[in-house]
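Source file: coords09.tsv; contents: TSV, C-alpha atoms.
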```tsv
chain	number	residue	atom	x	y	z
O	1	MET	CA	-189.99	85.92	249.73
O	2	GLN	CA	-189.83	84.82	246.13
O	3	THR	CA	-189.93	81.11	245.45
O	4	ARG	CA	-187.23	79.72	243.17
O	5	SER	CA	-189.81	79.41	240.40
O	6	GLU	CA	-190.85	83.07	240.73
O	7	GLU	CA	-187.21	84.04	240.70
O	8	THR	CA	-186.63	82.19	237.43
O	9	ARG	CA	-189.77	83.74	235.96
O	10	ASN	CA	-188.54	87.22	236.91
O	11	HIS	CA	-185.05	86.50	235.52
O	12	ILE	CA	-186.64	85.58	232.21
O	13	LYS	CA	-188.74	88.74	232.22
O	14	THR	CA	-185.74	90.96	232.93
O	15	ALA	CA	-183.74	89.26	230.19
O	16	GLY	CA	-186.73	89.62	227.86
O	17	ILE	CA	-186.91	93.36	228.48
O	18	ASP	CA	-183.18	93.73	227.80
O	19	GLU	CA	-183.29	91.69	224.60
O	20	PHE	CA	-186.49	93.32	223.28
O	21	CYS	CA	-185.06	96.79	223.99
O	22	LEU	CA	-181.75	95.96	222.37
O	23	LYS	CA	-182.84	94.03	219.27
O	24	GLY	CA	-186.57	94.64	218.98
O	25	TYR	CA	-189.33	92.11	219.36
O	26	ASP	CA	-188.91	90.41	215.98
O	27	ALA	CA	-185.14	90.00	216.11
O	28	ALA	CA	-184.87	88.88	219.75
O	29	SER	CA	-185.11	85.09	219.88
O	30	VAL	CA	-186.10	82.77	222.71
O	31	ALA	CA	-182.53	81.40	222.55
O	32	ASP	CA	-181.12	84.94	223.06
O	33	ILE	CA	-183.40	85.48	226.03
O	34	CYS	CA	-182.52	82.11	227.58
O	35	GLY	CA	-178.80	82.83	227.13
O	36	HIS	CA	-179.19	86.25	228.72
O	37	ALA	CA	-181.23	84.87	231.65
O	38	GLY	CA	-178.99	81.83	232.10
O	39	VAL	CA	-181.92	79.41	231.88
O	40	SER	CA	-182.66	76.41	229.66
O	41	LYS	CA	-185.28	76.49	226.92
O	42	GLY	CA	-187.17	73.93	229.00
O	43	ALA	CA	-187.34	76.39	231.89
O	44	PHE	CA	-188.43	79.15	229.53
O	45	TYR	CA	-191.29	77.13	228.07
O	46	HIS	CA	-192.31	75.99	231.54
O	47	HIS	CA	-193.05	79.63	232.38
O	48	PHE	CA	-194.09	81.03	229.01
O	49	PRO	CA	-195.70	79.09	226.16
O	50	SER	CA	-194.13	81.45	223.59
O	51	LYS	CA	-192.10	84.62	223.04
O	52	GLN	CA	-195.36	86.46	222.62
O	53	ALA	CA	-196.64	85.19	225.97
O	54	LEU	CA	-193.49	86.59	227.63
O	55	PHE	CA	-193.95	89.87	225.80
O	56	LEU	CA	-197.59	90.14	226.90
O	57	SER	CA	-196.67	89.27	230.47
O	58	ILE	CA	-194.05	92.07	230.57
O	59	MET	CA	-196.61	94.46	229.14
O	60	GLN	CA	-199.18	93.40	231.73
O	61	ASP	CA	-196.71	94.12	234.56
O	62	TRP	CA	-195.93	97.52	233.10
O	63	LEU	CA	-199.59	98.47	232.82
O	64	GLU	CA	-200.41	97.16	236.30
O	65	ASN	CA	-197.57	99.15	237.87
O	66	LEU	CA	-198.68	102.28	236.04
O	67	ASP	CA	-202.24	101.68	237.23
O	68	ILE	CA	-201.10	101.36	240.85
O	69	GLU	CA	-198.84	104.43	240.59
O	70	LEU	CA	-201.61	106.53	239.09
O	71	PHE	CA	-204.85	105.49	240.70
O	72	THR	CA	-204.25	104.35	244.26
O	73	ARG	CA	-202.54	107.39	245.70
O	74	ARG	CA	-205.41	109.75	246.49
O	75	GLU	CA	-205.00	111.41	249.85
O	76	GLU	CA	-207.55	112.73	252.34
O	77	GLY	CA	-208.82	116.19	251.39
O	78	GLU	CA	-207.19	116.28	247.94
O	79	ASN	CA	-209.48	117.56	245.23
O	80	ILE	CA	-209.47	116.16	241.69
O	81	PRO	CA	-207.29	118.84	240.04
O	82	GLN	CA	-204.75	118.40	242.85
O	83	LEU	CA	-204.84	114.62	242.37
O	84	ILE	CA	-204.34	114.92	238.60
O	85	GLN	CA	-201.49	117.39	239.11
O	86	LYS	CA	-199.87	114.88	241.46
O	87	MET	CA	-200.31	112.16	238.82
O	88	GLY	CA	-198.37	114.44	236.48
O	89	SER	CA	-195.45	114.41	238.92
O	90	THR	CA	-195.79	110.65	239.37
O	91	MET	CA	-195.63	110.17	235.59
O	92	GLY	CA	-192.37	112.07	235.58
O	93	PHE	CA	-191.08	109.77	238.28
O	94	VAL	CA	-192.31	106.59	236.58
O	95	PHE	CA	-190.75	107.92	233.46
O	96	GLN	CA	-187.31	108.51	234.95
O	97	ALA	CA	-187.25	105.28	236.96
O	98	ALA	CA	-188.22	103.22	233.91
O	99	SER	CA	-186.08	105.07	231.40
O	100	GLY	CA	-184.01	102.00	230.51
O	101	GLN	CA	-187.19	100.08	229.75
O	102	LEU	CA	-188.80	102.70	227.57
O	103	PRO	CA	-187.93	101.18	224.20
O	104	MET	CA	-190.32	98.45	225.39
O	105	PHE	CA	-193.11	100.98	225.32
O	106	MET	CA	-192.40	101.51	221.62
O	107	GLU	CA	-192.38	97.77	221.04
O	108	PHE	CA	-195.79	97.45	222.72
O	109	MET	CA	-197.17	100.03	220.31
O	110	VAL	CA	-195.52	98.64	217.19
O	111	GLN	CA	-196.59	95.07	217.93
O	112	ALA	CA	-200.07	96.25	218.87
O	113	SER	CA	-200.42	97.95	215.51
O	114	ARG	CA	-199.53	94.64	213.77
O	115	ASP	CA	-200.84	91.81	215.92
O	116	LYS	CA	-204.46	91.42	216.95
O	117	GLU	CA	-203.65	89.53	220.15
O	118	VAL	CA	-201.18	92.19	221.34
O	119	TRP	CA	-203.60	94.88	220.25
O	120	ASP	CA	-206.35	93.38	222.39
O	121	ALA	CA	-203.97	93.11	225.35
O	122	VAL	CA	-202.76	96.72	225.07
O	123	ILE	CA	-206.04	98.31	224.08
O	124	ALA	CA	-208.20	96.99	226.91
O	125	PRO	CA	-206.18	98.58	229.77
O	126	TYR	CA	-205.58	101.69	227.65
O	127	ARG	CA	-209.33	102.17	227.22
O	128	LEU	CA	-209.73	101.50	230.93
O	129	TYR	CA	-207.33	104.43	231.60
O	130	GLN	CA	-209.39	106.60	229.28
O	131	GLN	CA	-212.47	105.65	231.30
O	132	LYS	CA	-210.75	106.17	234.67
O	133	PHE	CA	-209.58	109.64	233.65
O	134	THR	CA	-213.06	110.47	232.34
O	135	ASP	CA	-214.49	109.34	235.70
O	136	LEU	CA	-211.97	111.55	237.52
O	137	ILE	CA	-212.97	114.63	235.54
O	138	ASN	CA	-216.63	113.85	236.18
O	139	ALA	CA	-215.89	113.46	239.91
O	140	GLY	CA	-214.20	116.89	239.77
O	141	LYS	CA	-217.34	118.36	238.21
O	142	GLU	CA	-219.44	116.77	240.95
O	143	GLU	CA	-217.25	118.12	243.77
O	144	GLY	CA	-217.24	121.56	242.08
O	145	SER	CA	-213.48	121.80	241.43
O	146	ILE	CA	-213.93	121.48	237.64
O	147	ARG	CA	-216.30	123.60	235.56
O	148	GLN	CA	-219.66	122.10	234.66
O	149	ASP	CA	-219.24	122.90	230.95
O	150	VAL	CA	-216.01	120.86	230.64
O	151	GLU	CA	-216.38	117.75	228.48
O	152	ALA	CA	-214.96	114.98	230.64
O	153	GLU	CA	-214.16	112.47	227.90
O	154	GLU	CA	-212.36	114.97	225.69
O	155	THR	CA	-210.38	116.39	228.58
O	156	ALA	CA	-209.33	112.87	229.58
O	157	LYS	CA	-208.17	112.19	226.02
O	158	VAL	CA	-206.17	115.41	225.91
O	159	LEU	CA	-204.43	114.57	229.20
O	160	ILE	CA	-203.61	111.03	228.06
O	161	SER	CA	-202.39	112.28	224.67
O	162	LEU	CA	-200.03	114.67	226.41
O	163	ALA	CA	-198.67	111.86	228.60
O	164	VAL	CA	-198.25	109.48	225.65
O	165	GLY	CA	-196.52	112.16	223.57
O	166	ILE	CA	-194.11	112.98	226.38
O	167	LEU	CA	-193.31	109.30	226.93
O	168	LEU	CA	-192.56	108.83	223.24
O	169	GLN	CA	-190.34	111.89	222.98
O	170	GLY	CA	-188.58	110.88	226.17
O	171	VAL	CA	-187.65	107.58	224.50
O	172	VAL	CA	-186.39	109.13	221.30
O	173	ASP	CA	-184.82	112.31	222.63
O	174	PRO	CA	-184.37	112.09	226.40
O	175	GLY	CA	-181.90	114.96	226.51
O	176	ALA	CA	-184.05	117.49	224.64
O	177	ALA	CA	-185.99	118.60	227.69
O	178	ASP	CA	-186.66	118.08	231.35
O	179	TRP	CA	-189.62	115.86	230.44
O	180	GLU	CA	-190.74	115.59	234.04
O	181	ASN	CA	-191.11	119.34	234.11
O	182	VAL	CA	-192.86	119.43	230.72
O	183	THR	CA	-195.38	116.90	232.10
O	184	LYS	CA	-196.01	119.01	235.19
O	185	LYS	CA	-196.42	122.21	233.20
O	186	GLY	CA	-198.60	120.62	230.53
O	187	VAL	CA	-200.95	119.09	233.09
O	188	GLN	CA	-201.09	122.40	234.91
O	189	MET	CA	-201.97	124.28	231.72
O	190	ILE	CA	-204.78	121.87	230.89
O	191	LEU	CA	-206.10	121.95	234.46
O	192	ASP	CA	-206.01	125.74	234.50
O	193	GLY	CA	-208.11	125.58	231.35
O	194	VAL	CA	-210.76	123.28	232.75
O	195	LYS	CA	-210.95	125.19	235.99
O	196	ARG	CA	-211.43	128.54	234.31
O	197	ARG	CA	-212.38	128.10	230.70
O	198	ILE	CA	-215.56	129.73	229.41
O	199	GLU	CA	-216.87	128.33	226.14
W	1	MET	CA	-194.73	116.51	184.66
W	2	GLN	CA	-192.76	113.73	186.27
W	3	THR	CA	-189.91	112.26	184.29
W	4	ARG	CA	-189.84	108.49	183.96
W	5	SER	CA	-187.01	108.36	186.50
W	6	GLU	CA	-188.97	110.39	189.06
W	7	GLU	CA	-191.93	108.13	188.44
W	8	THR	CA	-189.87	105.03	189.21
W	9	ARG	CA	-188.44	106.71	192.28
W	10	ASN	CA	-191.94	107.49	193.53
W	11	HIS	CA	-193.15	103.95	192.78
W	12	ILE	CA	-190.33	102.60	194.91
W	13	LYS	CA	-191.18	105.00	197.73
W	14	THR	CA	-194.87	104.06	197.68
W	15	ALA	CA	-193.97	100.36	197.68
W	16	GLY	CA	-191.50	101.01	200.50
W	17	ILE	CA	-194.19	102.66	202.62
W	18	ASP	CA	-196.56	99.73	202.03
W	19	GLU	CA	-193.95	97.11	202.85
W	20	PHE	CA	-192.57	98.93	205.91
W	21	CYS	CA	-196.12	99.45	207.23
W	22	LEU	CA	-197.07	95.82	206.62
W	23	LYS	CA	-193.94	93.99	207.78
W	24	GLY	CA	-191.91	96.54	209.67
W	25	TYR	CA	-188.55	97.97	208.70
W	26	ASP	CA	-186.46	94.95	209.69
W	27	ALA	CA	-188.61	92.30	208.02
W	28	ALA	CA	-189.29	94.19	204.77
W	29	SER	CA	-186.57	93.30	202.26
W	30	VAL	CA	-185.36	95.17	199.19
W	31	ALA	CA	-186.62	92.17	197.16
W	32	ASP	CA	-190.12	92.57	198.65
W	33	ILE	CA	-190.11	96.27	197.84
W	34	CYS	CA	-188.90	95.68	194.27
W	35	GLY	CA	-191.58	93.01	193.76
W	36	HIS	CA	-194.24	95.35	195.09
W	37	ALA	CA	-193.05	98.27	192.95
W	38	GLY	CA	-192.54	96.12	189.86
W	39	VAL	CA	-188.94	97.28	189.41
W	40	SER	CA	-185.63	95.44	189.18
W	41	LYS	CA	-183.05	95.51	191.95
W	42	GLY	CA	-180.83	97.41	189.53
W	43	ALA	CA	-183.45	100.16	189.29
W	44	PHE	CA	-183.83	100.19	193.05
W	45	TYR	CA	-180.11	100.61	193.68
W	46	HIS	CA	-179.91	103.26	190.96
W	47	HIS	CA	-182.25	105.40	193.08
W	48	PHE	CA	-181.35	104.33	196.61
W	49	PRO	CA	-177.99	102.98	197.78
W	50	SER	CA	-179.69	100.92	200.53
W	51	LYS	CA	-182.96	100.09	202.26
W	52	GLN	CA	-182.04	102.62	204.91
W	53	ALA	CA	-181.54	105.33	202.28
W	54	LEU	CA	-185.07	104.65	201.01
W	55	PHE	CA	-186.39	104.75	204.55
W	56	LEU	CA	-184.68	108.07	205.27
W	57	SER	CA	-185.92	109.52	201.99
W	58	ILE	CA	-189.53	108.60	202.87
W	59	MET	CA	-189.07	110.15	206.28
W	60	GLN	CA	-187.61	113.31	204.74
W	61	ASP	CA	-190.68	113.67	202.48
W	62	TRP	CA	-193.00	113.18	205.42
W	63	LEU	CA	-191.24	115.83	207.51
W	64	GLU	CA	-191.05	118.29	204.61
W	65	ASN	CA	-194.77	117.94	203.91
W	66	LEU	CA	-195.59	118.44	207.55
W	67	ASP	CA	-193.37	121.50	207.63
W	68	ILE	CA	-195.13	123.00	204.61
W	69	GLU	CA	-198.59	122.19	206.02
W	70	LEU	CA	-197.76	123.73	209.37
W	71	PHE	CA	-195.56	126.73	208.75
W	72	THR	CA	-196.41	128.31	205.41
W	73	ARG	CA	-200.10	128.97	205.88
W	74	ARG	CA	-200.23	132.17	207.89
W	75	GLU	CA	-202.82	134.59	206.62
W	76	GLU	CA	-203.01	138.37	206.73
W	77	GLY	CA	-204.25	139.65	210.09
W	78	GLU	CA	-204.12	136.29	211.86
W	79	ASN	CA	-202.62	136.48	215.33
W	80	ILE	CA	-200.41	133.72	216.74
W	81	PRO	CA	-203.04	131.92	218.84
W	82	GLN	CA	-205.33	131.87	215.78
W	83	LEU	CA	-202.48	130.51	213.65
W	84	ILE	CA	-201.67	127.77	216.18
W	85	GLN	CA	-205.34	126.87	216.46
W	86	LYS	CA	-205.46	126.54	212.68
W	87	MET	CA	-202.37	124.32	212.80
W	88	GLY	CA	-204.36	122.10	215.17
W	89	SER	CA	-207.03	121.69	212.51
W	90	THR	CA	-204.36	121.10	209.84
W	91	MET	CA	-202.80	118.37	211.98
W	92	GLY	CA	-206.16	116.66	212.10
W	93	PHE	CA	-206.35	116.86	208.34
W	94	VAL	CA	-202.77	115.66	207.78
W	95	PHE	CA	-203.57	112.91	210.21
W	96	GLN	CA	-206.66	111.68	208.38
W	97	ALA	CA	-205.17	112.02	204.92
W	98	ALA	CA	-202.05	110.08	205.93
W	99	SER	CA	-203.81	107.50	208.06
W	100	GLY	CA	-202.68	104.55	205.91
W	101	GLN	CA	-199.07	105.68	206.27
W	102	LEU	CA	-199.12	106.13	210.01
W	103	PRO	CA	-197.43	102.87	210.97
W	104	MET	CA	-194.44	104.50	209.22
W	105	PHE	CA	-194.42	107.13	211.91
W	106	MET	CA	-193.91	104.36	214.47
W	107	GLU	CA	-191.14	102.86	212.38
W	108	PHE	CA	-189.35	106.24	212.25
W	109	MET	CA	-189.41	106.37	216.03
W	110	VAL	CA	-188.39	102.75	216.61
W	111	GLN	CA	-185.52	102.94	214.12
W	112	ALA	CA	-184.47	106.30	215.50
W	113	SER	CA	-184.22	104.84	218.99
W	114	ARG	CA	-181.88	102.10	217.65
W	115	ASP	CA	-179.86	103.57	214.80
W	116	LYS	CA	-177.69	106.66	215.14
W	117	GLU	CA	-178.03	107.65	211.47
W	118	VAL	CA	-181.83	107.50	211.57
W	119	TRP	CA	-181.79	109.26	214.90
W	120	ASP	CA	-179.77	112.14	213.45
W	121	ALA	CA	-182.14	112.35	210.49
W	122	VAL	CA	-185.29	112.39	212.62
W	123	ILE	CA	-183.99	114.49	215.48
W	124	ALA	CA	-182.71	117.47	213.49
W	125	PRO	CA	-186.08	118.41	211.93
W	126	TYR	CA	-187.88	117.54	215.17
W	127	ARG	CA	-185.69	119.97	217.09
W	128	LEU	CA	-186.28	122.49	214.33
W	129	TYR	CA	-190.06	122.14	214.97
W	130	GLN	CA	-189.43	122.69	218.66
W	131	GLN	CA	-187.56	125.86	217.77
W	132	LYS	CA	-190.19	127.04	215.27
W	133	PHE	CA	-192.97	126.60	217.82
W	134	THR	CA	-190.89	128.38	220.46
W	135	ASP	CA	-190.41	131.25	217.99
W	136	LEU	CA	-194.16	131.36	217.35
W	137	ILE	CA	-194.96	131.64	221.05
W	138	ASN	CA	-192.37	134.39	221.40
W	139	ALA	CA	-193.88	136.20	218.42
W	140	GLY	CA	-197.25	135.94	220.17
W	141	LYS	CA	-195.76	137.53	223.28
W	142	GLU	CA	-194.31	140.32	221.15
W	143	GLU	CA	-197.60	141.06	219.40
W	144	GLY	CA	-199.39	140.96	222.78
W	145	SER	CA	-201.68	138.00	222.05
W	146	ILE	CA	-199.88	135.72	224.51
W	147	ARG	CA	-199.12	136.60	228.13
W	148	GLN	CA	-195.63	137.89	228.94
W	149	ASP	CA	-195.16	135.40	231.77
W	150	VAL	CA	-195.64	132.36	229.49
W	151	GLU	CA	-192.49	130.29	229.01
W	152	ALA	CA	-192.22	129.90	225.24
W	153	GLU	CA	-190.03	126.81	225.12
W	154	GLU	CA	-192.11	124.85	227.61
W	155	THR	CA	-195.35	125.79	225.92
W	156	ALA	CA	-193.92	124.69	222.57
W	157	LYS	CA	-192.93	121.34	224.07
W	158	VAL	CA	-196.38	120.83	225.57
W	159	LEU	CA	-198.04	121.55	222.21
W	160	ILE	CA	-195.72	119.18	220.36
W	161	SER	CA	-196.15	116.47	223.01
W	162	LEU	CA	-199.90	116.70	222.59
W	163	ALA	CA	-199.59	116.36	218.81
W	164	VAL	CA	-197.16	113.42	219.05
W	165	GLY	CA	-199.38	111.65	221.58
W	166	ILE	CA	-202.46	112.08	219.40
W	167	LEU	CA	-200.60	110.78	216.35
W	168	LEU	CA	-199.44	107.70	218.22
W	169	GLN	CA	-202.87	106.89	219.63
W	170	GLY	CA	-204.39	107.48	216.22
W	171	VAL	CA	-202.11	104.77	214.83
W	172	VAL	CA	-202.85	102.24	217.53
W	173	ASP	CA	-206.51	102.96	218.19
W	174	PRO	CA	-207.96	105.07	215.37
W	175	GLY	CA	-211.56	104.27	216.31
W	176	ALA	CA	-211.30	105.26	219.98
W	177	ALA	CA	-211.92	108.95	219.37
W	178	ASP	CA	-212.43	111.68	216.84
W	179	TRP	CA	-208.71	112.48	217.02
W	180	GLU	CA	-209.08	115.55	214.85
W	181	ASN	CA	-211.48	116.95	217.40
W	182	VAL	CA	-209.24	115.95	220.33
W	183	THR	CA	-206.39	117.86	218.64
W	184	LYS	CA	-208.54	120.95	218.19
W	185	LYS	CA	-209.80	120.87	221.77
W	186	GLY	CA	-206.38	120.15	223.26
W	187	VAL	CA	-204.74	123.01	221.39
W	188	GLN	CA	-207.60	125.28	222.40
W	189	MET	CA	-207.22	124.33	226.07
W	190	ILE	CA	-203.50	125.04	226.02
W	191	LEU	CA	-203.98	128.32	224.17
W	192	ASP	CA	-206.67	129.40	226.61
W	193	GLY	CA	-204.14	128.70	229.34
W	194	VAL	CA	-201.37	130.81	227.83
W	195	LYS	CA	-203.73	133.64	227.02
W	196	ARG	CA	-205.20	133.82	230.49
W	197	ARG	CA	-203.00	131.99	232.97
W	198	ILE	CA	-201.67	133.84	235.99
W	199	GLU	CA	-198.74	132.20	237.73
```
Translate this file's structure into structure tokens.
Amino acid sequence: MQTRSEETRNHIKTAGIDEFCLKGYDAASVADICGHAGVSKGAFYHHFPSKQALFLSIMQDWLENLDIELFTRREEGENIPQLIQKMGSTMGFVFQAASGQLPMFMEFMVQASRDKEVWDAVIAPYRLYQQKFTDLINAGKEEGSIRQDVEAEETAKVLISLAVGILLQGVVDPGAADWENVTKKGVQMILDGVKRRIE
Amino acid sequence: MQTRSEETRNHIKTAGIDEFCLKGYDAASVADICGHAGVSKGAFYHHFPSKQALFLSIMQDWLENLDIELFTRREEGENIPQLIQKMGSTMGFVFQAASGQLPMFMEFMVQASRDKEVWDAVIAPYRLYQQKFTDLINAGKEEGSIRQDVEAEETAKVLISLAVGILLQGVVDPGAADWENVTKKGVQMILDGVKRRIE
């Protein structure tokens, strides 16, 4: 069960997401967020030293959830291409479930491109994902499901780029495609390449 | 040769790009932009009815340039996969040349997700790209360079997603990879898939 303090903290986070999505990071004020959450400024500052601290905390949650969704679901007997294909489906699911929160994803990127502290906070886990995907491709090479001549790091970057591009388009133009299906197909195309490609 | 009026207009646009990149769309004021460009507010409003009009005009230029770079470079005897591969290299070039302006790309997306008028202005050419890439894939099927069982629209969306994702990562973390090379490799992997894939 949540303690009362955790509950308040989560209220503030939810209100923060709503306000940041609606007005953007710069325009959303601590007063707006407090009003939305129904908490006092005192309560806010008890949990978060600043608006930026709240923002970073929301981002941390988002990245941790993504990490859990992506990297802790390997099943017995699944090879690496199968696991990555499944991640593609998961991404689609994450994507749909979080669709209301997706403007936040844009805010993370915009703030990261402007503010060194946000940049550090977003870039460290992002580089960790790059590394984890590189490790996965290498594990696939070791188990023999991925060709030996495939460059693991590049393939990881291509997969992540595809995912990032789909997320961004899904924010801006959700109705233009069945993005879940585009993710699945894109991942499949890349995996078909690394399983069969001859340089 | 540029007329004096065109020159002023271009000065204002360049200053607008700098200010939007530095401060973001919301925080950058018409006064800031005028100061930066060394023009009066009168001159500004002679050329652009509002800050948003300037923003949209910059975006229009950006999209037109991209369109020219991508779609008017087909050479005699080039088949569609070769053309698309070349577009991949062009993207890398566009990307590097425009690297100082790339925070603008983020601003286009953020504003588009918030403002209906910006959204309309960004979404129409974007959907046109989707259509142009779909047409290309279909032309490849017709000329026999791309498999008949390839779904043109999906493949187009995967290619565009890859490009969008690479652009975004290039803004946020330019040093993390040779993004030009990631583009080339990613496009190649997808093309290898559509040339060879059996469903």
### Message
Counting all atoms listed in the file, a student should be able to say which residues of chain O come within 8 Å of chain W; what is the right answer, written as a PyMOL selection string?
### Response
chain O and resi 22+103+106-107+109-110+112-114+119+123+154-155+157-158+160-166+168-169+171-173+182-183+185-186+189-190+192-194+197
### Message
Between atom CA of Asn138 of chain O and atom CA of Pro81 of chain W, what is the distance in Å, rounded to a tenth?
### Response
28.5 Å
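Within the 9 Å cut-off around Ala121 of chain O, using all atoms listed in the file and omitting residues fewer than 4 positions from it on the same chain, the listed residues are Leu56, Met59, Gln60, Ala112, Lys116, Glu117 and Pro125 of chain O.
Considering the residues O:Ser57, O:Gln2, O:Thr8, O:Thr90 and counting all atoms listed in the file, Arg73 of chain O has its shortest atom-to-atom contact with O:Thr90.
If you count all atoms listed in the file and ignore residues fewer than 3 places along the chain from Asp67 of chain O, what sits within 10 Å of it is O:Asp61, O:Trp62, O:Leu63, O:Glu64, O:Leu70, O:Phe71, O:Thr72, O:Pro125, O:Leu128, O:Tyr129, O:Lys132.
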Selected residues written out, C-alpha atoms, as a PDB file, in the frame of the given file:
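So again.pdb came out as:
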```pdb
ATOM      1  CA  ASP O  61    -196.710  94.120 234.560  1.00  0.00           C
ATOM      2  CA  TRP O  62    -195.930  97.520 233.100  1.00  0.00           C
ATOM      3  CA  LEU O  63    -199.590  98.470 232.820  1.00  0.00           C
ATOM      4  CA  GLU O  64    -200.410  97.160 236.300  1.00  0.00           C
ATOM      5  CA  LEU O  70    -201.610 106.530 239.090  1.00  0.00           C
ATOM      6  CA  PHE O  71    -204.850 105.490 240.700  1.00  0.00           C
ATOM      7  CA  THR O  72    -204.250 104.350 244.260  1.00  0.00           C
ATOM      8  CA  PRO O 125    -206.180  98.580 229.770  1.00  0.00           C
ATOM      9  CA  LEU O 128    -209.730 101.500 230.930  1.00  0.00           C
ATOM     10  CA  TYR O 129    -207.330 104.430 231.600  1.00  0.00           C
ATOM     11  CA  LYS O 132    -210.750 106.170 234.670  1.00  0.00           C
TER      12      LYS O 132
END
```
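The interatomic distance for the pair atom CA of Gly16 of chain W and atom CA of Phe105 of chain O works out to 24.9 Å.
As for atom CA of Glu19 of chain O and atom CA of Glu19 of chain W, they are spaced 24.8 Å apart.
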### Message
Measuring between all atoms listed in the file, which one of O:Glu180, O:Ile80, O:Phe55, O:Glu6 shows the shortest distance to Glu142 of chain O?
### Response
O:Ile80
3 Å per side around segment 65-82 of chain O: axis-aligned box centre and edge lengths, as AutoDock Vina command-line options:
```
--center_x -203.5 --center_y 109.0 --center_z 244.2 --size_x 17.9 --size_y 25.7 --size_z 22.3
```
### Task
Have a look at O:Gly35, O:Gly175, O:Gly140, O:Pro49 and name the one nearest to Leu83 of chain O; count all atoms listed in the file.
O:Gly140
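Considering the residues O:Arg9, O:Lys41, O:Glu143, O:Ile58 and counting all atoms listed in the file, Glu78 of chain O has its shortest atom-to-atom contact with O:Glu143.
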